[in-house]
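Participant: Following this line is coords-v7.pdb, made up of PDB, C-alpha atoms, pLDDT in the B column:
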ATOM      1  CA  MET W 125       0.000   0.000   0.000  1.00 74.00           C
ATOM      2  CA  LYS W 126       1.407   3.359  -1.014  1.00 86.00           C
ATOM      3  CA  ASP W 127       1.474   6.140   1.552  1.00 89.00           C
ATOM      4  CA  TYR W 128      -0.144   8.979  -0.360  1.00 94.00           C
ATOM      5  CA  TYR W 129       0.486  11.433   2.456  1.00 92.00           C
ATOM      6  CA  ALA W 130       4.221  10.755   2.321  1.00 90.00           C
ATOM      7  CA  ILE W 131       4.235  11.011  -1.476  1.00 92.00           C
ATOM      8  CA  LEU W 132       2.743  14.507  -1.228  1.00 94.00           C
ATOM      9  CA  GLY W 133       4.826  15.347   1.842  1.00 92.00           C
ATOM     10  CA  ILE W 134       1.894  16.252   4.085  1.00 93.00           C
ATOM     11  CA  ALA W 135       0.456  15.142   7.418  1.00 91.00           C
ATOM     12  CA  SER W 136      -2.447  12.700   7.485  1.00 90.00           C
ATOM     13  CA  ASP W 137      -4.713  15.365   8.993  1.00 90.00           C
ATOM     14  CA  ALA W 138      -3.959  17.954   6.304  1.00 93.00           C
ATOM     15  CA  ALA W 139      -6.801  20.134   5.063  1.00 95.00           C
ATOM     16  CA  SER W 140      -7.935  20.008   1.447  1.00 94.00           C
ATOM     17  CA  GLU W 141      -6.134  23.281   0.671  1.00 96.00           C
ATOM     18  CA  ALA W 142      -2.849  21.816   1.962  1.00 96.00           C
ATOM     19  CA  ILE W 143      -3.387  18.744  -0.219  1.00 96.00           C
ATOM     20  CA  ARG W 144      -3.969  20.908  -3.283  1.00 97.00           C
ATOM     21  CA  THR W 145      -0.912  23.075  -2.540  1.00 96.00           C
ATOM     22  CA  ALA W 146       1.332  20.041  -1.985  1.00 96.00           C
ATOM     23  CA  TYR W 147       0.050  18.452  -5.188  1.00 97.00           C
ATOM     24  CA  ARG W 148       0.813  21.533  -7.254  1.00 96.00           C
ATOM     25  CA  ARG W 149       4.303  21.817  -5.776  1.00 95.00           C
ATOM     26  CA  LYS W 150       5.144  18.155  -6.353  1.00 94.00           C
ATOM     27  CA  ALA W 151       3.553  18.099  -9.818  1.00 94.00           C
ATOM     28  CA  ARG W 152       5.744  21.031 -10.886  1.00 94.00           C
ATOM     29  CA  GLN W 153       8.783  19.332  -9.388  1.00 93.00           C
ATOM     30  CA  PHE W 154       8.276  16.009 -11.180  1.00 92.00           C
ATOM     31  CA  HIS W 155       6.498  17.029 -14.374  1.00 92.00           C
ATOM     32  CA  PRO W 156       8.315  15.300 -17.263  1.00 89.00           C
ATOM     33  CA  ASP W 157       8.455  18.559 -19.255  1.00 90.00           C
ATOM     34  CA  ARG W 158      10.356  20.263 -16.424  1.00 89.00           C
ATOM     35  CA  ASN W 159      12.325  17.391 -14.934  1.00 89.00           C
ATOM     36  CA  GLN W 160      14.492  15.268 -17.224  1.00 89.00           C
ATOM     37  CA  ALA W 161      15.412  12.709 -14.545  1.00 89.00           C
ATOM     38  CA  PRO W 162      14.609   9.099 -15.539  1.00 89.00           C
ATOM     39  CA  GLU W 163      12.296   8.551 -12.572  1.00 90.00           C
ATOM     40  CA  ALA W 164      10.443  11.871 -12.963  1.00 89.00           C
ATOM     41  CA  SER W 165       7.512  10.538 -14.972  1.00 91.00           C
ATOM     42  CA  GLU W 166       6.958   7.664 -12.521  1.00 93.00           C
ATOM     43  CA  ARG W 167       7.078  10.055  -9.567  1.00 93.00           C
ATOM     44  CA  PHE W 168       4.694  12.402 -11.403  1.00 94.00           C
ATOM     45  CA  ARG W 169       2.212   9.528 -11.822  1.00 95.00           C
ATOM     46  CA  GLU W 170       2.520   8.697  -8.102  1.00 95.00           C
ATOM     47  CA  VAL W 171       1.812  12.322  -7.198  1.00 95.00           C
ATOM     48  CA  GLN W 172      -1.237  12.355  -9.486  1.00 96.00           C
ATOM     49  CA  GLU W 173      -2.491   9.076  -8.003  1.00 96.00           C
ATOM     50  CA  ALA W 174      -2.038  10.406  -4.467  1.00 96.00           C
ATOM     51  CA  TYR W 175      -3.884  13.607  -5.261  1.00 97.00           C
ATOM     52  CA  ASP W 176      -6.754  11.769  -6.942  1.00 96.00           C
ATOM     53  CA  ALA W 177      -7.207   9.595  -3.848  1.00 96.00           C
ATOM     54  CA  LEU W 178      -6.897  12.366  -1.261  1.00 96.00           C
ATOM     55  CA  ALA W 179      -8.750  15.200  -2.999  1.00 96.00           C
ATOM     56  CA  ASP W 180     -12.063  13.341  -3.077  1.00 96.00           C
ATOM     57  CA  PRO W 181     -13.545  13.104   0.457  1.00 95.00           C
ATOM     58  CA  GLY W 182     -15.117   9.682  -0.147  1.00 96.00           C
ATOM     59  CA  GLN W 183     -11.952   8.173  -1.597  1.00 96.00           C
ATOM     60  CA  ARG W 184      -9.878   9.756   1.160  1.00 96.00           C
ATOM     61  CA  PHE W 185     -12.083   8.227   3.846  1.00 94.00           C
ATOM     62  CA  ALA W 186     -11.824   4.782   2.231  1.00 94.00           C
ATOM     63  CA  TYR W 187      -8.044   5.175   1.862  1.00 94.00           C
ATOM     64  CA  ASP W 188      -7.662   6.268   5.502  1.00 91.00           C
ATOM     65  CA  GLU W 189      -9.701   3.289   6.704  1.00 89.00           C
ATOM     66  CA  ASN W 190      -7.654   0.882   4.588  1.00 89.00           C
ATOM     67  CA  ARG W 191      -4.443   2.528   5.790  1.00 86.00           C
ATOM     68  CA  ARG W 192      -5.523   2.181   9.420  1.00 83.00           C
ATOM     69  CA  ARG W 193      -6.342  -1.510   8.908  1.00 82.00           C
ATOM     70  CA  ASN W 194      -3.002  -2.168   7.208  1.00 78.00           C
ATOM     71  CA  LEU W 195      -1.149  -0.575  10.086  1.00 72.00           C
ATOM     72  CA  LEU W 196      -2.903  -3.006  12.398  1.00 69.00           C
ATOM     73  CA  ASP W 197      -2.653  -6.062  10.121  1.00 72.00           C
ATOM     74  CA  LYS W 198       0.912  -5.691   8.773  1.00 75.00           C
ATOM     75  CA  PRO W 199       2.679  -3.161  10.994  1.00 79.00           C
ATOM     76  CA  LEU W 200       6.273  -3.972   9.985  1.00 83.00           C
ATOM     77  CA  GLU W 201       5.614  -4.001   6.254  1.00 80.00           C
ATOM     78  CA  THR W 202       3.572  -0.807   6.443  1.00 75.00           C
ATOM     79  CA  ALA W 203       6.113   0.970   8.639  1.00 80.00           C
ATOM     80  CA  ARG W 204       8.916  -0.017   6.258  1.00 84.00           C
ATOM     81  CA  GLU W 205       7.045   1.456   3.291  1.00 79.00           C
ATOM     82  CA  ILE W 206       6.156   4.654   5.159  1.00 79.00           C
ATOM     83  CA  TRP W 207       9.774   5.201   6.223  1.00 84.00           C
ATOM     84  CA  GLN W 208      11.048   4.425   2.730  1.00 83.00           C
ATOM     85  CA  HIS W 209       8.830   7.145   1.216  1.00 78.00           C
ATOM     86  CA  TYR W 210       9.751   9.517   4.024  1.00 80.00           C
ATOM     87  CA  ILE W 211      13.491   9.011   3.519  1.00 83.00           C
ATOM     88  CA  GLU W 212      13.131   9.427  -0.262  1.00 78.00           C
ATOM     89  CA  GLY W 213      11.271  12.692   0.326  1.00 73.00           C
ATOM     90  CA  VAL W 214      13.904  13.998   2.712  1.00 74.00           C
ATOM     91  CA  LEU W 215      16.771  13.154   0.359  1.00 72.00           C
ATOM     92  CA  GLN W 216      15.260  15.150  -2.500  1.00 66.00           C
TER      93      GLN W 216
END
What would you get if you wrote out this structure as structure tokens?
Facilitator:
Amino acid sequence: MKDYYAILGIASDAASEAIRTAYRRKARQFHPDRNQAPEASERFREVQEAYDALADPGQRFAYDENRRRNLLDKPLETAREIWQHYIEGVLQ
């Protein structure tokens, strides 16, 4: 399970305006027309996917519930993925 909050670099209790602002910032950063790095287009797609899931209140609720369950069901795997995205975000 991807951590959409980490992909956008926001807290899980972020308001919709913060989600939109983070999306715009990350989309500019990774847009293939502006960023020639090999992984830019993949990162851009991840950012778009994260925004699509978090911008819609119904999808966000479902994602948050699934995320909560995964933390309880597979805590080590989920924590590893969350930290991996966090570290990648910090290194950029």
Participant: Restricting the calculation to all atoms listed in the file: of W:Ala179, W:Ala174, W:Leu200, W:Leu195, which residue gets closest to Ala139 (chain W)?
Facilitator: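 Of all the options, W:Ala179 lies closest to Ala139 (chain W).
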Participant: With the file shown as input, list the residues that the PyMOL selection byres ((chain W and resi 150-158) around 7) selects, as a CSV table (one decimal) with C-alpha atoms, keeping the file's coordinate frame.
Facilitator:
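Final output, saved to part-v5.csv:
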chain,number,residue,atom,x,y,z
W,132,LEU,CA,2.7,14.5,-1.2
W,146,ALA,CA,1.3,20.0,-2.0
W,147,TYR,CA,0.0,18.5,-5.2
W,148,ARG,CA,0.8,21.5,-7.3
W,149,ARG,CA,4.3,21.8,-5.8
W,159,ASN,CA,12.3,17.4,-14.9
W,160,GLN,CA,14.5,15.3,-17.2
W,164,ALA,CA,10.4,11.9,-13.0
W,165,SER,CA,7.5,10.5,-15.0
W,167,ARG,CA,7.1,10.1,-9.6
W,168,PHE,CA,4.7,12.4,-11.4
W,171,VAL,CA,1.8,12.3,-7.2
Participant: By how many Å are CA of Lys198 (chain W) and CA of Lys126 (chain W) apart?
Facilitator: 13.3 Å
Participant: Between W:Ala161, W:Ala130, W:Ala142, W:Leu178, which residue has the minimum interatomic distance to Glu212 (chain W), considering all atoms listed in the file?
Facilitator: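 Result for the nearest residue to Glu212 (chain W): W:Ala130.
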Participant: What does the distance between CA of Pro199 (chain W) and CA of Gly182 (chain W) come to in Å, to one decimal place?
Facilitator: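 A separation of 24.6 Å between them.
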Participant: In terms of the shortest atom-to-atom distance over all atoms listed in the file, which of W:Asn190, W:Glu173, W:Asp180, W:Leu215 is closest to Thr202 (chain W)?
Facilitator: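 Closest to Thr202 (chain W) of all the choices is W:Asn190.
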Participant: Report as number ranges by chain the residues that result from applying the PyMOL selection byres ((chain W and resi 125) around 10) to the structure here.
Facilitator: W: 126-128, 187, 190-191, 194, 201-202, 205-206
Participant: Quick check, in Å to one decimal: how far apart do CA of Asp188 (chain W) and CA of Tyr129 (chain W) lie?
Facilitator: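 Distance between the two atoms: 10.1 Å.
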